[in-house]
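Student: Okay, handing you the structure first.
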Amino acid sequence: MTEHLIHVDHPLVQHKLSIMRDKATSTAEFRQLLREISQLLAYEVTRNLPMTTRRIETPMEPMDAPVLDGKKLALVSILRAGNGLLDGILELIPSARVGFVGLYRDEETLKPVEYYFKVPDALADRLVITVDPMLATGNSSVAAIDRLKQAGAMNIRFLCLLASPEGIARMKEAHPDVPIVTAAVDSHLNDAGYIVPGLGDAGDRMFGTK
Ligand code: URA
C-alpha cells in the first residue's frame, strides 16, 4: 500500500455508518453494523496481499490456483473498542493470528496508559493489521504502533471506522509508513478529544456501558 490514507467511500459502508452515528440506534444494532462494516473495510485493507499459486485439480482439469502467500497475518485489537472490528474481520480471515494492546485514555491528559500487551510471535514476518474504530487524538494508536514496532512489527496497517484530521496528521508524523484505512474523515476533535460529528464513545455504544 503506497497511499497514507485510504478513505472507503463505498455506498454500503457509508449507509451503515450513518445508522451507527444516529444516537437512536440500539447497542445490538450498532454492534451488528460494526461487524458488517469491519468486513467491508477488511476487504480494502487486504486488497493487495501477496499471492502465490497452488496446484489443484478442479473436476475439469488441473490448474495453478491463486492463494494467499506468506505467513498468516496478525490482527491486533486496541482494547476495548478494537474488539468490535476484530470479530467481523476474523470471520473473513479465520486463520489470522490475534494480538491485543490494552490502553486506556487518561481523561485529563488524553494520553494513553498501557495495561496489557500480548501479540503473536514472528511479528516481523507478518502483515500486522491494527484495529481501533476511532482515530481521535491519535495518541493511543501511535502508542500501540510504537509498541508493535518494538515487538518487531515492520509491515503495519491501521484500520478504523472514523478518523479526525488531527489523528491522521499525528499518525502521519509518527508513523508515515503505516497506511490508514477509514470509512470517514470527520470535521474535528472537541475539547474532550471526541470526534465531531462522530458517533460518541464507540466502546460504550457497542457494549452498552453508558
Ligand atoms: N473514542 C471514542 O470512542 N469516540 C471518540 O469520539 C473519540 C475517541
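Please note that chains go A, B, ... in the order of the C-alpha cells, that every chain numbers its residues from 1, and that ligands are numbered from 1 in the order shown.
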Around ligand 1, at most 8 Å away and counting only C-alpha atoms and all ligand atoms, which residues are there? Put them as a PyMOL selection string, please.

Tutor: chain A and resi 81+133-137+189+193-196+198-204

Student: If you count only C-alpha atoms, which residues fall within 10 Å of Met154 (chain A), apart from same-chain ones fewer than 5 positions away, as a list of chain:residue names?

Tutor: A:Leu123, A:Ala124, A:Asp125, A:Arg126, A:Leu127, A:Val128, A:Leu148, A:Lys149, A:Asp177, A:Val178

Student: Please, could you write that set of residues out with N, CA and C atoms as a PDB file, in the first residue's frame?

Tutor:
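This went into part19.pdb:
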```pdb
ATOM      1  N   LEU A 123       6.346 -11.376  14.591  1.00  0.00           N
ATOM      2  CA  LEU A 123       5.633 -10.222  14.037  1.00  0.00           C
ATOM      3  C   LEU A 123       6.346  -9.640  12.828  1.00  0.00           C
ATOM      4  N   ALA A 124       7.681  -9.760  12.834  1.00  0.00           N
ATOM      5  CA  ALA A 124       8.468  -9.163  11.743  1.00  0.00           C
ATOM      6  C   ALA A 124       8.129  -9.796  10.395  1.00  0.00           C
ATOM      7  N   ASP A 125       7.632 -11.026  10.425  1.00  0.00           N
ATOM      8  CA  ASP A 125       7.346 -11.739   9.168  1.00  0.00           C
ATOM      9  C   ASP A 125       5.877 -11.645   8.756  1.00  0.00           C
ATOM     10  N   ARG A 126       5.091 -10.905   9.515  1.00  0.00           N
ATOM     11  CA  ARG A 126       3.650 -10.871   9.227  1.00  0.00           C
ATOM     12  C   ARG A 126       3.204  -9.464   8.852  1.00  0.00           C
ATOM     13  N   LEU A 127       2.131  -9.417   8.045  1.00  0.00           N
ATOM     14  CA  LEU A 127       1.412  -8.161   7.925  1.00  0.00           C
ATOM     15  C   LEU A 127       0.607  -8.001   9.216  1.00  0.00           C
ATOM     16  N   VAL A 128       0.748  -6.851   9.854  1.00  0.00           N
ATOM     17  CA  VAL A 128       0.050  -6.594  11.114  1.00  0.00           C
ATOM     18  C   VAL A 128      -1.036  -5.546  10.859  1.00  0.00           C
ATOM     19  N   LEU A 148       4.130  -2.116  18.940  1.00  0.00           N
ATOM     20  CA  LEU A 148       4.189  -3.197  17.943  1.00  0.00           C
ATOM     21  C   LEU A 148       5.531  -3.166  17.211  1.00  0.00           C
ATOM     22  N   LYS A 149       6.023  -1.971  16.929  1.00  0.00           N
ATOM     23  CA  LYS A 149       7.336  -1.866  16.268  1.00  0.00           C
ATOM     24  C   LYS A 149       8.435  -2.361  17.210  1.00  0.00           C
ATOM     25  N   ASP A 177       4.977   5.321   7.663  1.00  0.00           N
ATOM     26  CA  ASP A 177       4.997   4.038   6.930  1.00  0.00           C
ATOM     27  C   ASP A 177       3.728   3.218   7.149  1.00  0.00           C
ATOM     28  N   VAL A 178       2.816   3.701   7.975  1.00  0.00           N
ATOM     29  CA  VAL A 178       1.617   2.912   8.309  1.00  0.00           C
ATOM     30  C   VAL A 178       0.391   3.485   7.592  1.00  0.00           C
TER      31      VAL A 178
END
```

Student: Enumerate, as a VMD selection string, the complete set of residues in region 24-177 of chain A that a backbone-based DSSP assignment places in strand (DSSP E or B).

Tutor: chain A and resid 51 to 57 62 to 68 74 to 79 97 to 105 112 to 118 127 to 131 134 to 135 155 to 159 162 to 163

Student: Using only C-alpha atoms, can you tell me which of A:Phe100, A:Ile6, A:Lys23, A:Glu108 comes closest to Pro120 (chain A)?

Tutor: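 Looking at the shortest contact to Pro120 (chain A), the residue is A:Phe100.
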
Student: Contacts of Leu103 (chain A) at 9 Å or less, counting only C-alpha atoms, minus same-chain residues fewer than 3 places along, as a VMD selection string?

Tutor: chain A and resid 78 to 80 112 to 117 140 143 to 144

Student: Once you have the residues from the selection above, write them out as a PDB file, in the first residue's frame, restricted to C-alpha atoms.

Tutor:
```pdb
ATOM      1  CA  ILE A  78      -6.603  -1.941  20.608  1.00  0.00           C
ATOM      2  CA  LEU A  79      -8.812  -2.724  23.589  1.00  0.00           C
ATOM      3  CA  ARG A  80     -11.580  -2.472  24.179  1.00  0.00           C
ATOM      4  CA  PRO A 112      -2.611   6.546  26.650  1.00  0.00           C
ATOM      5  CA  VAL A 113      -1.686   4.323  29.583  1.00  0.00           C
ATOM      6  CA  GLU A 114      -0.768   0.695  28.750  1.00  0.00           C
ATOM      7  CA  TYR A 115      -2.200  -2.122  30.879  1.00  0.00           C
ATOM      8  CA  TYR A 116      -2.000  -5.148  28.554  1.00  0.00           C
ATOM      9  CA  PHE A 117       0.178  -6.315  25.670  1.00  0.00           C
ATOM     10  CA  SER A 140      -3.450   5.571  21.577  1.00  0.00           C
ATOM     11  CA  ALA A 143       1.471   4.377  21.265  1.00  0.00           C
ATOM     12  CA  ALA A 144       0.097   0.984  20.182  1.00  0.00           C
TER      13      ALA A 144
END
```

Student: Set the distance at 10 Å and use only C-alpha atoms: which residues neighbour Ile37 (chain A) once local chain neighbours fewer than 3 positions away are removed? I'd like the list as an MDAnalysis selection string.

Tutor: chainID A and resid 12:17 31:34 40:43 85 88:89 161 183

Student: Next, write the just-selected residues to a file, as a compact mmCIF listing (two decimals), in the first residue's frame, keeping all heavy atoms as the atom set.

Tutor:
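Result file follows (out01.txt):
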```
# COMPACT_ATOMS: atom_id res chain seq x y z
N LEU A 12 -22.37 1.12 0.65
CA LEU A 12 -22.82 0.26 1.76
C LEU A 12 -22.17 0.67 3.07
O LEU A 12 -22.81 0.71 4.13
CB LEU A 12 -22.48 -1.21 1.48
CG LEU A 12 -23.34 -1.95 0.45
CD1 LEU A 12 -22.82 -3.36 0.25
CD2 LEU A 12 -24.79 -1.98 0.92
N VAL A 13 -20.88 0.98 2.98
CA VAL A 13 -20.14 1.40 4.19
C VAL A 13 -20.73 2.72 4.70
O VAL A 13 -21.01 2.87 5.91
CB VAL A 13 -18.64 1.56 3.87
CG1 VAL A 13 -17.91 2.21 5.04
CG2 VAL A 13 -18.01 0.22 3.52
N GLN A 14 -20.96 3.65 3.80
CA GLN A 14 -21.45 4.97 4.22
C GLN A 14 -22.87 4.87 4.80
O GLN A 14 -23.18 5.54 5.79
CB GLN A 14 -21.42 5.95 3.03
CG GLN A 14 -20.00 6.24 2.54
CD GLN A 14 -19.09 6.72 3.67
OE1 GLN A 14 -19.47 7.61 4.44
NE2 GLN A 14 -17.91 6.13 3.78
N HIS A 15 -23.69 4.06 4.21
CA HIS A 15 -25.07 3.90 4.70
C HIS A 15 -25.06 3.29 6.12
O HIS A 15 -25.73 3.78 7.03
CB HIS A 15 -25.86 3.01 3.74
CG HIS A 15 -27.29 2.83 4.12
ND1 HIS A 15 -28.28 3.74 3.81
CD2 HIS A 15 -27.90 1.85 4.83
CE1 HIS A 15 -29.43 3.33 4.30
NE2 HIS A 15 -29.23 2.18 4.92
N LYS A 16 -24.29 2.24 6.28
CA LYS A 16 -24.24 1.57 7.58
C LYS A 16 -23.66 2.51 8.63
O LYS A 16 -24.12 2.57 9.78
CB LYS A 16 -23.39 0.29 7.50
CG LYS A 16 -24.07 -0.83 6.72
CD LYS A 16 -23.12 -2.00 6.53
CE LYS A 16 -23.64 -3.00 5.51
NZ LYS A 16 -24.86 -3.70 5.91
N LEU A 17 -22.64 3.28 8.23
CA LEU A 17 -22.01 4.21 9.17
C LEU A 17 -23.01 5.28 9.63
O LEU A 17 -23.03 5.65 10.81
CB LEU A 17 -20.78 4.85 8.51
CG LEU A 17 -20.05 5.89 9.33
CD1 LEU A 17 -19.60 5.33 10.68
CD2 LEU A 17 -18.84 6.44 8.56
N ARG A 31 -23.62 -2.91 17.17
CA ARG A 31 -22.61 -3.98 17.16
C ARG A 31 -22.69 -4.78 15.85
O ARG A 31 -21.68 -5.11 15.26
CB ARG A 31 -22.85 -4.89 18.37
CG ARG A 31 -21.61 -5.58 18.83
CD ARG A 31 -21.88 -6.51 19.98
NE ARG A 31 -22.34 -5.85 21.18
CZ ARG A 31 -23.30 -6.30 21.96
NH1 ARG A 31 -23.94 -7.41 21.67
NH2 ARG A 31 -23.63 -5.65 23.04
N GLN A 32 -23.90 -5.05 15.42
CA GLN A 32 -24.10 -5.81 14.18
C GLN A 32 -23.56 -5.01 12.97
O GLN A 32 -22.88 -5.55 12.10
CB GLN A 32 -25.59 -6.13 14.01
CG GLN A 32 -25.93 -6.83 12.70
CD GLN A 32 -25.22 -8.17 12.53
OE1 GLN A 32 -24.87 -8.83 13.52
NE2 GLN A 32 -24.96 -8.57 11.29
N LEU A 33 -23.86 -3.71 12.95
CA LEU A 33 -23.39 -2.87 11.84
C LEU A 33 -21.87 -2.77 11.84
O LEU A 33 -21.24 -2.78 10.78
CB LEU A 33 -24.02 -1.47 11.94
CG LEU A 33 -25.51 -1.42 11.58
CD1 LEU A 33 -26.15 -0.17 12.15
CD2 LEU A 33 -25.69 -1.49 10.07
N LEU A 34 -21.30 -2.69 13.02
CA LEU A 34 -19.83 -2.60 13.11
C LEU A 34 -19.21 -3.88 12.55
O LEU A 34 -18.20 -3.84 11.84
CB LEU A 34 -19.41 -2.38 14.57
CG LEU A 34 -17.93 -2.15 14.81
CD1 LEU A 34 -17.41 -0.96 14.00
CD2 LEU A 34 -17.63 -1.93 16.29
N LEU A 40 -16.30 -5.14 5.31
CA LEU A 40 -16.13 -4.35 4.09
C LEU A 40 -14.80 -3.59 4.13
O LEU A 40 -14.11 -3.46 3.11
CB LEU A 40 -17.31 -3.38 3.92
CG LEU A 40 -18.67 -4.08 3.72
CD1 LEU A 40 -19.81 -3.11 3.90
CD2 LEU A 40 -18.73 -4.73 2.35
N LEU A 41 -14.44 -3.11 5.31
CA LEU A 41 -13.14 -2.42 5.43
C LEU A 41 -11.98 -3.42 5.31
O LEU A 41 -10.93 -3.10 4.73
CB LEU A 41 -13.05 -1.68 6.77
CG LEU A 41 -14.04 -0.52 6.98
CD1 LEU A 41 -13.90 0.05 8.39
CD2 LEU A 41 -13.81 0.59 5.96
N ALA A 42 -12.18 -4.62 5.83
CA ALA A 42 -11.13 -5.65 5.74
C ALA A 42 -10.85 -5.99 4.28
O ALA A 42 -9.70 -6.26 3.90
CB ALA A 42 -11.56 -6.90 6.49
N TYR A 43 -11.89 -5.95 3.48
CA TYR A 43 -11.75 -6.20 2.04
C TYR A 43 -10.75 -5.20 1.45
O TYR A 43 -9.89 -5.55 0.64
CB TYR A 43 -13.15 -6.04 1.44
CG TYR A 43 -13.28 -6.31 -0.02
CD1 TYR A 43 -13.37 -7.60 -0.51
CD2 TYR A 43 -13.36 -5.25 -0.93
CE1 TYR A 43 -13.52 -7.84 -1.87
CE2 TYR A 43 -13.52 -5.47 -2.27
CZ TYR A 43 -13.60 -6.77 -2.74
OH TYR A 43 -13.75 -6.99 -4.08
N LEU A 85 -14.29 -4.41 15.85
CA LEU A 85 -13.83 -4.60 14.47
C LEU A 85 -13.24 -6.00 14.29
O LEU A 85 -13.40 -6.63 13.25
CB LEU A 85 -12.78 -3.55 14.10
CG LEU A 85 -13.26 -2.11 13.89
CD1 LEU A 85 -12.07 -1.17 13.73
CD2 LEU A 85 -14.13 -2.02 12.64
N GLY A 88 -15.58 -9.29 13.33
CA GLY A 88 -16.02 -9.42 11.94
C GLY A 88 -14.88 -9.80 11.02
O GLY A 88 -15.04 -10.63 10.12
N ILE A 89 -13.71 -9.21 11.25
CA ILE A 89 -12.57 -9.48 10.36
C ILE A 89 -12.13 -10.94 10.52
O ILE A 89 -11.76 -11.60 9.55
CB ILE A 89 -11.41 -8.51 10.65
CG1 ILE A 89 -11.87 -7.07 10.45
CG2 ILE A 89 -10.24 -8.81 9.72
CD1 ILE A 89 -10.85 -6.02 10.82
N LEU A 161 -12.80 3.11 11.83
CA LEU A 161 -14.10 3.44 11.27
C LEU A 161 -14.15 4.94 10.99
O LEU A 161 -14.53 5.37 9.91
CB LEU A 161 -15.15 3.04 12.31
CG LEU A 161 -16.60 3.15 11.96
CD1 LEU A 161 -16.93 2.28 10.76
CD2 LEU A 161 -17.44 2.73 13.17
N ALA A 183 -13.45 4.59 7.14
CA ALA A 183 -14.72 4.79 6.43
C ALA A 183 -15.07 6.27 6.33
O ALA A 183 -15.88 6.65 5.48
CB ALA A 183 -15.83 4.04 7.16
```

Student: Enumerate, as a ChimeraX atom specification, the complete set of residues in region 22-157 of chain A that a backbone-based DSSP assignment places in helix (DSSP H, G or I).

Tutor: /A:27-45,82-92,123-125,139-150

Student: Can you work out the spacing between CA of His4 (chain A) and CA of Asp87 (chain A) in Å, to one decimal?

Tutor: 24.9 Å

Student: From the set A:Arg105, A:Val8, A:Leu92, A:Pro62, which residue has the shortest atom-to-atom contact distance to Val185 (chain A), counting only C-alpha atoms?

Tutor: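 The shortest atom-to-atom distance to Val185 (chain A) comes from A:Val8.
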